[in-house]
Amino acid sequence: MITLYVEENNGERRPIEVPTDMSLSLMEVLKASDYPVQATCGGMALCATCHVEVLDGDDKYKEATDPELEMLDTLPEVSDTSRLACQMRIEDEMDGLVVRILAQEEGYV
Ligand code: FES
């Protein structure tokens with residue numbers, strides 16, 4: 001198990017305990033934790049409705065692949081640490097990662 005944190009709109013960081021042996025994506029974890037992530041493409045890096053920003057721990061996790069970067073390029077606003085949650089497979093290295101859900105702010109709710 002690892003612990004991820006989601007920064008809420010009020011600045012609080014909510015911890016989520018996540019198993020690392022189930023090959024889950026961060027998108028699946030967020031949906032299972034009742035966050036409003038549409039994930040309309042089902043995790044194919046085609047919709048960006050799972051857009052998150054990594055606030056802490058970006059250096060702990062592997063870099064985005066070309067399909068993910070291409071999809072992020074289509075968004076009007078991205079940060080240096082923007083990611084598609086569906087492309088982030090839960091791994092031990094993600095322990096302590098902090099994310100903010102940007103798709104929420106972009107109206108994908
Ligand atoms: S669920 Fe569609 S890009 Fe992540």
# chains A, B, ... in the order shown; residues from 1 in each chain; ligands from 1
>>> select_by_dssp(residues="region 18-108 of chain A", states="strand (DSSP E or B)", output="VMD selection string")
chain A and resid 18 25 51 to 56 82 to 84 89 98 to 101
>>> residues_near_ligand(ligand="ligand 1", cutoff="9 Å", atoms="only C-alpha atoms and all ligand atoms", output="PyMOL selection string")
chain A and resi 27-28+37-51+68+71-72+83-87
>>> closest_residue(among="A:Thr74, A:Ser79, A:Thr65, A:Ser33", to="Glu53 (chain A)", atoms="only C-alpha atoms")
A:Ser79
>>> residues_around(residues="Val6 (chain A)", least_positions_apart="5", cutoff="6 Å", atoms="only C-alpha atoms", output="PDB file with C-alpha atoms, in the first residue's frame")
ATOM      1  CA  ARG A  13      -4.727  17.407   1.273  1.00  0.00           C
ATOM      2  CA  ARG A  14      -6.827  14.274   1.541  1.00  0.00           C
ATOM      3  CA  VAL A  98       0.250  15.025  -4.247  1.00  0.00           C
ATOM      4  CA  VAL A  99      -2.134  15.903  -7.081  1.00  0.00           C
ATOM      5  CA  ARG A 100      -4.810  18.459  -7.818  1.00  0.00           C
TER       6      ARG A 100
END
>>> select_by_dssp(residues="chain A", states="alpha helix (DSSP H)", output="PyMOL selection string")
chain A and resi 26-32+66-73+102-105
>>> closest_residue(among="A:Met22, A:Leu55, A:Val29, A:Leu97", to="Tyr5 (chain A)", atoms="only C-alpha atoms")
A:Leu97
>>> residues_around(residues="Asp21 (chain A)", least_positions_apart="6", cutoff="9 Å", atoms="only C-alpha atoms", output="PDB file with N, CA, C and O atoms, in the first residue's frame")
ATOM      1  N   MET A   1       0.842  -1.197   0.000  1.00  0.00           N
ATOM      2  CA  MET A   1       0.000   0.000   0.000  1.00  0.00           C
ATOM      3  C   MET A   1       0.880   1.250   0.000  1.00  0.00           C
ATOM      4  O   MET A   1       1.924   1.267   0.629  1.00  0.00           O
ATOM      5  N   ILE A  90      -0.345   3.009 -10.853  1.00  0.00           N
ATOM      6  CA  ILE A  90       0.045   3.085  -9.446  1.00  0.00           C
ATOM      7  C   ILE A  90       1.251   2.177  -9.185  1.00  0.00           C
ATOM      8  O   ILE A  90       1.210   0.976  -9.455  1.00  0.00           O
ATOM      9  N   GLU A  91       2.309   2.791  -8.675  1.00  0.00           N
ATOM     10  CA  GLU A  91       3.539   2.050  -8.370  1.00  0.00           C
ATOM     11  C   GLU A  91       4.078   2.514  -7.021  1.00  0.00           C
ATOM     12  O   GLU A  91       3.731   3.597  -6.553  1.00  0.00           O
TER      13      GLU A  91
END
>>> decode(residues="region 63-97 of chain A", atoms="N, CA, C and O atoms", output="short mmCIF file (atom, residue, chain, number, x, y, z; two decimals), in the first residue's frame")
data_model
loop_
_atom_site.label_atom_id
_atom_site.label_comp_id
_atom_site.auth_asym_id
_atom_site.auth_seq_id
_atom_site.Cartn_x
_atom_site.Cartn_y
_atom_site.Cartn_z
N GLU A 63 8.23 9.76 -16.60
CA GLU A 63 7.76 10.85 -17.45
C GLU A 63 6.61 10.40 -18.35
O GLU A 63 6.45 9.21 -18.63
N ALA A 64 5.87 11.40 -18.83
CA ALA A 64 4.75 11.11 -19.72
C ALA A 64 5.24 10.55 -21.05
O ALA A 64 6.30 10.92 -21.55
N THR A 65 4.43 9.69 -21.62
CA THR A 65 4.74 9.13 -22.94
C THR A 65 4.28 10.12 -24.03
O THR A 65 3.53 11.06 -23.75
N ASP A 66 4.68 9.88 -25.25
CA ASP A 66 4.30 10.78 -26.36
C ASP A 66 2.79 10.92 -26.52
O ASP A 66 2.30 12.04 -26.67
N PRO A 67 2.00 9.83 -26.53
CA PRO A 67 0.55 10.01 -26.66
C PRO A 67 -0.04 10.88 -25.55
O PRO A 67 -0.94 11.69 -25.79
N GLU A 68 0.47 10.73 -24.34
CA GLU A 68 -0.01 11.56 -23.23
C GLU A 68 0.37 13.03 -23.46
O GLU A 68 -0.46 13.93 -23.31
N LEU A 69 1.60 13.27 -23.86
CA LEU A 69 2.05 14.65 -24.10
C LEU A 69 1.26 15.29 -25.23
O LEU A 69 0.91 16.46 -25.18
N GLU A 70 0.96 14.51 -26.27
CA GLU A 70 0.19 15.04 -27.40
C GLU A 70 -1.21 15.45 -26.96
O GLU A 70 -1.73 16.48 -27.38
N MET A 71 -1.82 14.65 -26.11
CA MET A 71 -3.16 15.00 -25.61
C MET A 71 -3.09 16.23 -24.73
O MET A 71 -3.92 17.14 -24.84
N LEU A 72 -2.09 16.31 -23.87
CA LEU A 72 -1.94 17.47 -22.99
C LEU A 72 -1.73 18.74 -23.81
O LEU A 72 -2.18 19.82 -23.45
N ASP A 73 -1.06 18.59 -24.95
CA ASP A 73 -0.80 19.73 -25.84
C ASP A 73 -2.08 20.35 -26.38
O ASP A 73 -2.09 21.50 -26.80
N THR A 74 -3.16 19.60 -26.40
CA THR A 74 -4.42 20.12 -26.95
C THR A 74 -5.19 20.96 -25.93
O THR A 74 -6.18 21.59 -26.29
N LEU A 75 -4.76 20.93 -24.68
CA LEU A 75 -5.49 21.65 -23.63
C LEU A 75 -5.10 23.12 -23.61
O LEU A 75 -3.95 23.47 -23.86
N PRO A 76 -6.07 23.98 -23.31
CA PRO A 76 -5.76 25.41 -23.28
C PRO A 76 -4.79 25.81 -22.17
O PRO A 76 -3.99 26.71 -22.34
N GLU A 77 -4.88 25.12 -21.05
CA GLU A 77 -3.98 25.47 -19.94
C GLU A 77 -3.39 24.20 -19.35
O GLU A 77 -4.12 23.31 -18.92
N VAL A 78 -2.08 24.16 -19.34
CA VAL A 78 -1.39 23.04 -18.69
C VAL A 78 -0.25 23.62 -17.84
O VAL A 78 0.20 24.73 -18.09
N SER A 79 0.17 22.85 -16.87
CA SER A 79 1.34 23.27 -16.09
C SER A 79 2.49 22.34 -16.47
O SER A 79 2.30 21.35 -17.18
N ASP A 80 3.66 22.65 -15.96
CA ASP A 80 4.84 21.81 -16.24
C ASP A 80 4.66 20.41 -15.70
O ASP A 80 5.32 19.48 -16.17
N THR A 81 3.78 20.27 -14.72
CA THR A 81 3.59 18.96 -14.11
C THR A 81 2.19 18.40 -14.36
O THR A 81 1.70 17.57 -13.61
N SER A 82 1.56 18.89 -15.43
CA SER A 82 0.26 18.33 -15.82
C SER A 82 0.43 16.89 -16.27
O SER A 82 1.42 16.54 -16.93
N ARG A 83 -0.55 16.07 -15.92
CA ARG A 83 -0.54 14.68 -16.35
C ARG A 83 -1.97 14.22 -16.62
O ARG A 83 -2.93 14.83 -16.17
N LEU A 84 -2.07 13.13 -17.37
CA LEU A 84 -3.35 12.44 -17.51
C LEU A 84 -3.35 11.31 -16.48
O LEU A 84 -2.50 10.42 -16.54
N ALA A 85 -4.29 11.38 -15.55
CA ALA A 85 -4.29 10.41 -14.46
C ALA A 85 -4.44 8.98 -14.96
O ALA A 85 -3.95 8.04 -14.35
N CYS A 86 -5.10 8.83 -16.12
CA CYS A 86 -5.30 7.47 -16.64
C CYS A 86 -4.00 6.84 -17.13
O CYS A 86 -3.93 5.62 -17.30
N GLN A 87 -3.00 7.66 -17.37
CA GLN A 87 -1.73 7.15 -17.88
C GLN A 87 -0.71 6.93 -16.76
O GLN A 87 0.43 6.58 -17.01
N MET A 88 -1.15 7.16 -15.53
CA MET A 88 -0.24 6.99 -14.39
C MET A 88 -0.60 5.71 -13.65
O MET A 88 -1.60 5.65 -12.93
N ARG A 89 0.16 4.70 -13.87
CA ARG A 89 -0.06 3.40 -13.23
C ARG A 89 0.45 3.49 -11.79
O ARG A 89 1.54 4.03 -11.55
N ILE A 90 -0.34 3.01 -10.85
CA ILE A 90 0.04 3.09 -9.45
C ILE A 90 1.25 2.18 -9.19
O ILE A 90 1.21 0.98 -9.45
N GLU A 91 2.31 2.79 -8.68
CA GLU A 91 3.54 2.05 -8.37
C GLU A 91 4.08 2.51 -7.02
O GLU A 91 3.73 3.60 -6.55
N ASP A 92 4.96 1.72 -6.46
CA ASP A 92 5.54 2.06 -5.16
C ASP A 92 6.18 3.44 -5.17
O ASP A 92 6.15 4.16 -4.17
N GLU A 93 6.77 3.82 -6.31
CA GLU A 93 7.47 5.11 -6.41
C GLU A 93 6.53 6.30 -6.20
O GLU A 93 6.99 7.42 -5.97
N MET A 94 5.23 6.07 -6.31
CA MET A 94 4.27 7.18 -6.18
C MET A 94 3.91 7.49 -4.73
O MET A 94 3.12 8.39 -4.48
N ASP A 95 4.47 6.76 -3.80
CA ASP A 95 4.13 6.99 -2.40
C ASP A 95 4.39 8.46 -2.04
O ASP A 95 5.48 8.98 -2.28
N GLY A 96 3.38 9.13 -1.52
CA GLY A 96 3.52 10.52 -1.11
C GLY A 96 3.19 11.53 -2.19
O GLY A 96 3.23 12.74 -1.94
N LEU A 97 2.86 11.06 -3.37
CA LEU A 97 2.52 11.96 -4.48
C LEU A 97 1.31 12.83 -4.12
O LEU A 97 0.36 12.36 -3.51
#
